[in-house]
Number of protein chains: 2
Amino acid sequence: MRTAVVLCAGLAKRMGNSETPKPLLKVAGREILSRTVELLKRNGVERFVFVVNPKNKEKIESFVRSLGVDFSIVVNESPERENGYSLYLAKEEVKEKEFLLVMGDHIYSEEFVKKAVKGKGLIVDELALYTDKEEATKVLCQKGRVKDIGKDIKEFNGYDTGFFVLSRSVFNVAEKIAKEKEKVTMSEIAKRGRIRCTFVSGEFWTDVDTEEDLKRARREIIRSSVKGIGDGLVSRLINRKVSMWISERVVEKVTPMQATLFTFAVGVFSAIVALFSPALGSVLYQISSMVDGVDGEIARASLRTTKFGGWLDSVLDRFVDFSFLSALALWLKPDQSFLPWVFLALFGTLMVSYTTERFKGAYFEDAYEVIKPLRFLPGKRDERVFLIMVFCLLGWIKALFVILALLTNVRVILTLYLVWKERGDR
Amino acid sequence: MRTAVVLCAGLAKRMGNSETPKPLLKVAGREILSRTVELLKRNGVERFVFVVNPKNKEKIESFVRSLGVDFSIVVNESPERENGYSLYLAKEEVKEKEFLLVMGDHIYSEEFVKKAVKGKGLIVDELALYTDKEEATKVLCQKGRVKDIGKDIKEFNGYDTGFFVLSRSVFNVAEKIAKEKEKVTMSEIAKRGRIRCTFVSGEFWTDVDTEEDLKRARREIIRSSVKGIGDGLVSRLINRKVSMWISERVVEKVTPMQATLFTFAVGVFSAIVALFSPALGSVLYQISSMVDGVDGEIARASLRTTKFGGWLDSVLDRFVDFSFLSALALWLKPDQSFLPWVFLALFGTLMVSYTTERFKGAYFEDAYEVIKPLRFLPGKRDERVFLIMVFCLLGWIKALFVILALLTNVRVILTLYLVWKERGDR
């Protein structure tokens with residue numbers, strides 16, 4: 001069983017007059033503390049020790065209780081003695097030889113935590129891309145151990161992320177310092193204890209000192225929540241930019257399911273409009289396609305993804321695509337000889353998705369991840385929707401059906417070929 | 001590492017004048033020995049010891065080499081000393097405390113092996129549904145150990161399956177008997193050693209003494225290869241009977257891929273015919289649906305299933321379904337006001353499959369297995385094809401599209417509802 005000590009006893013001097021303790025501030029639809037706990041849980045932590053100060057004890061305790069994890073609370077009656085003293089107080093609550101120590105007011109991305117839990121000692125970031133480097137604590141790591149650490153040291157090769165993988169012996173170092181001095185900082189413990197250090201660089205993490213930090217964190221969390229592996233050209237150039245812009249603004253207010261249903265409603269509405277005006281309908285269709293990324297982005301950013309959400313989103317997308325093309329066909333009033341093109345376009349449109357989804361059902365792997373050439377085939381949904389809009393605006397509806405019929409079915413045939421080539425024997 | 005000793009030194013007196021050693025006889029497209037080795041491999045066996053007689057040594061050795069497994073060959077120069085003596089000769093090749101012992105001329109089903117490897121001692125079958133009970137060796141199992149064993153014992157509670165999970169101490173028993181007597185049978189070893197026994201009852205296994213045994217084995221292997229979980233009513237009542245009848249006859253001659261492509265060809269042909277004659281086309285379509293089970297049945301029976309096969313089969317089925325309905329629509333020459341019914345029927349037909357396949361891609365579980373009410377929804381492929389044939393024979397094509405549109409889309413909506421109800425929160 002793995003334990004994490006989470007330090008929440010900081011006095012939050014700089015955050016102004018907010019009544020909310022820093023760890024309980026919301027970022028991307030979730031309190032910092034709930035985010036950290038969820039990420040640690042996903043990486044094997046089963047027990048949590050929260051060190052709090054007398055002022056925020058009640059708030060943090062009742063919040064943590066709502067998370068439904070195995071936890072205990074340690075009160076640091078002298079928070080002015082600094083974070084190393086808080087760690088020292090947690091001593092009796094840690095039974096394992098190795099445990100994690102994280103700062104309750106830091107925000108970490110999923111990727112960061114995933115790598116950090118595998119490290120030893122202090123996790124150091126060479127780059128610190130996302131935090132205020134002036135204010136950050138610098139670390140000089142030599143031969144795998146902390147040689148020097150501090151805000152104003154001259155020679156350093158990384159930044160203190162506030163994330164530690166420690167052995168129990170660290171409590172002895174903390175105790176020694178506590179007997180000598182009033183202030184016990186983690187920096188001093190790391191230096192005196194010659195704690196090991198592990199580099200995890202370039203992933204998002206930040207400490208939170210100002211409102212600006214919170215906003216930046218939200219933006220970065222949304223940005224890192226884009227799962228772009230199946231994205232086409234239009235998505236990368238246009239749709240994702242729009243959806244991320246929206247996600248950043250609604251992530252605190254809207255649930256992923258609400259976003260899914262809203263996108264679906266816009267899509268269905270676009271099909272109804274297309275019955276009367278393909279041009280107008282197609283613009284609405286493109287709008288629904290731009291909004292389509294929001295549900296997944298805010299779900300991942302707020303760590304609320306469900307498989308059901310992904311499933312429903314796919315099924316509803318197929319319905320919108322089929323409805324829109326059907327509406328377009330009804331507007332066109334095709335004669336008998338043109339009907340095969342309509343059927344082929346409808347078939348190919350659904351099968352582009354069916355072939356890759358069925359692949360996942362067979363191999364339990366993402367087709368785009370394991371068969372890389374698939375990524376370069378044109379005709380993904382974002383590209384088709386954009387193409388449809390362009391042709392509808394130009395009024396070339398017949399040509400559109402012919403092109404869609406060819407594009408999608410060639411894509412399906414190439415998918416058959418690529419899957420056969422890579423997986424034909426298993 | 002788990003080792004299996006496979007006894008292939010039998011003299012095969014009763015099998016007539018065949019030149020082929022019994023373990024190399026083919027059943028359901030695969031040699032008995034290759035079947036046993038494959039099933040043991042799938043259940044964790046990594047090393048094989050084959051005990052052969054001087055007459056069949058060369059044939060068995062070169063065959064086993066082609067299987068690409070880690071193996072050694074032990075020659076029993078005195079096969080007339082019986083199978084217990086063969087086991088005794090394998091002593092030096094077995095290093096582990098526990099090992100498996102199986103008869104090279106017995107045929108076991110996948111389910112039998114899966115259960116048997118978890119047992120201890122002699123695996124005993126209370127029922128022996130599939131083998132000649134007169135000829136079989138009976139076992140009296142008392143307090144978990146072999147009390148009595150033999151062909152003609154009066155009191156018994158099971159049959160000897162020739163499958164053992166043994167500890168090395170069995171070699172001491174074998175050695176003792178070998179010093180006393182000429183003939184060393186496994187039966188005597190089991191009785192004298194008071195070997196433990198485990199019941200595994202009702203699964204298919206048989207020893208092979210006659211041509212009739214082989215034929216029966218083929219039939220049973222095909223029968224147990226039907227994976228009926230997604231089967232509809234028509235499939236259970238008609239299609240599976242036809243496909244099993246065919247599978248039994250072609251399993252030795254046709255590969256699963258050939259069967260898939262043949263079925264596909266019949267399906268596409270049926271759609272082309274439907275352009276001119278819906279009635280005739282629909283009969284061909286129903287035939288392709290009856291043949292559709294053959295590829296999967298012979299693949300499972302001959303232990304040659306691949307994920308690619310399942311994937312391709314699904315994709316091609318969708319193509320055939322869509323083609324047939326499109327052809328029917330082209331034959332109908334629908335006017336503008338009827339087109340929505342055609343579109344809805346096409347959409348629903350694909351989505352019945354899409355929703356459940358996408359479920360597997362999301363949850364990595366079979367929707368029909370984990371959401372049982374789905375099994376009772378009408379409108380599975382076999383049922384739709386049959387319905388299409390009936391309406392085409394009656395000439396009610398318009399009514400068919402309306403019914404299909406309703407049936408499939410109601411099914412899709414119910415699927416959405418059931419999945420949401422069971423999995424909406426994860």
# chains A, B, ... in the order shown; residues from 1 in each chain; ligands from 1
call {"tool": "interface_residues", "arguments": {"of": "chain A", "to": "chain B", "cutoff": "6 Å", "atoms": "only C-alpha atoms", "output": "ChimeraX atom specification"}}
result
/A:306-308,357-358,360-362,424,426
call {"tool": "residues_around", "arguments": {"residues": "Lys151 (chain B)", "least_positions_apart": "3", "cutoff": "8 Å", "atoms": "only C-alpha atoms", "output": "ChimeraX atom specification"}}
result
/B:135-138
call {"tool": "write_last_selection", "arguments": {"atoms": "C-alpha atoms", "output": "mmCIF file, in the first residue's frame"}}
result
data_model
loop_
_atom_site.group_PDB
_atom_site.id
_atom_site.type_symbol
_atom_site.label_atom_id
_atom_site.label_comp_id
_atom_site.auth_asym_id
_atom_site.auth_seq_id
_atom_site.Cartn_x
_atom_site.Cartn_y
_atom_site.Cartn_z
ATOM 1 C CA GLU B 135 -14.268 -49.554 -23.951
ATOM 2 C CA ALA B 136 -13.402 -46.780 -21.498
ATOM 3 C CA THR B 137 -11.379 -47.261 -18.335
ATOM 4 C CA LYS B 138 -13.509 -46.790 -15.230
#
call {"tool": "atom_distance", "arguments": {"atom1": "CA of Asn239 (chain B)", "atom2": "CA of Ser282 (chain B)"}}
result
14.9 Å
call {"tool": "atom_distance", "arguments": {"atom1": "CA of Leu11 (chain B)", "atom2": "CA of Val75 (chain B)"}}
result
13.2 Å
call {"tool": "residues_around", "arguments": {"residues": "Thr36 (chain A)", "least_positions_apart": "5", "cutoff": "9 Å", "atoms": "only C-alpha atoms", "output": "PDB file with C-alpha atoms, in the first residue's frame"}}
result
ATOM      1  CA  GLU A  31     -10.265  21.634  -6.703  1.00  0.00           C
ATOM      2  CA  LYS A  41      -4.872   7.333  -6.909  1.00  0.00           C
ATOM      3  CA  VAL A 102       3.563  16.495  -2.566  1.00  0.00           C
ATOM      4  CA  GLY A 104      -1.139  20.678  -1.703  1.00  0.00           C
ATOM      5  CA  HIS A 106       0.841  22.746  -6.582  1.00  0.00           C
ATOM      6  CA  ILE A 107      -0.977  21.734  -9.724  1.00  0.00           C
ATOM      7  CA  TYR A 108       0.408  18.743 -11.611  1.00  0.00           C
ATOM      8  CA  SER A 109      -0.547  17.322 -14.996  1.00  0.00           C
ATOM      9  CA  VAL A 113       2.544  12.524 -12.027  1.00  0.00           C
TER      10      VAL A 113
END
call {"tool": "residues_around", "arguments": {"residues": "Leu140 (chain A)", "least_positions_apart": "4", "cutoff": "10 Å", "atoms": "only C-alpha atoms", "output": "list in words"}}
result
Val124, Gly144, Arg145, Val146, Lys147, Asp148, Ile149, Gly150, Ile153, Lys154, Glu155, Phe156, Asn157, Gly158, Tyr159, Asp160, Lys191 and Cys197 of chain A
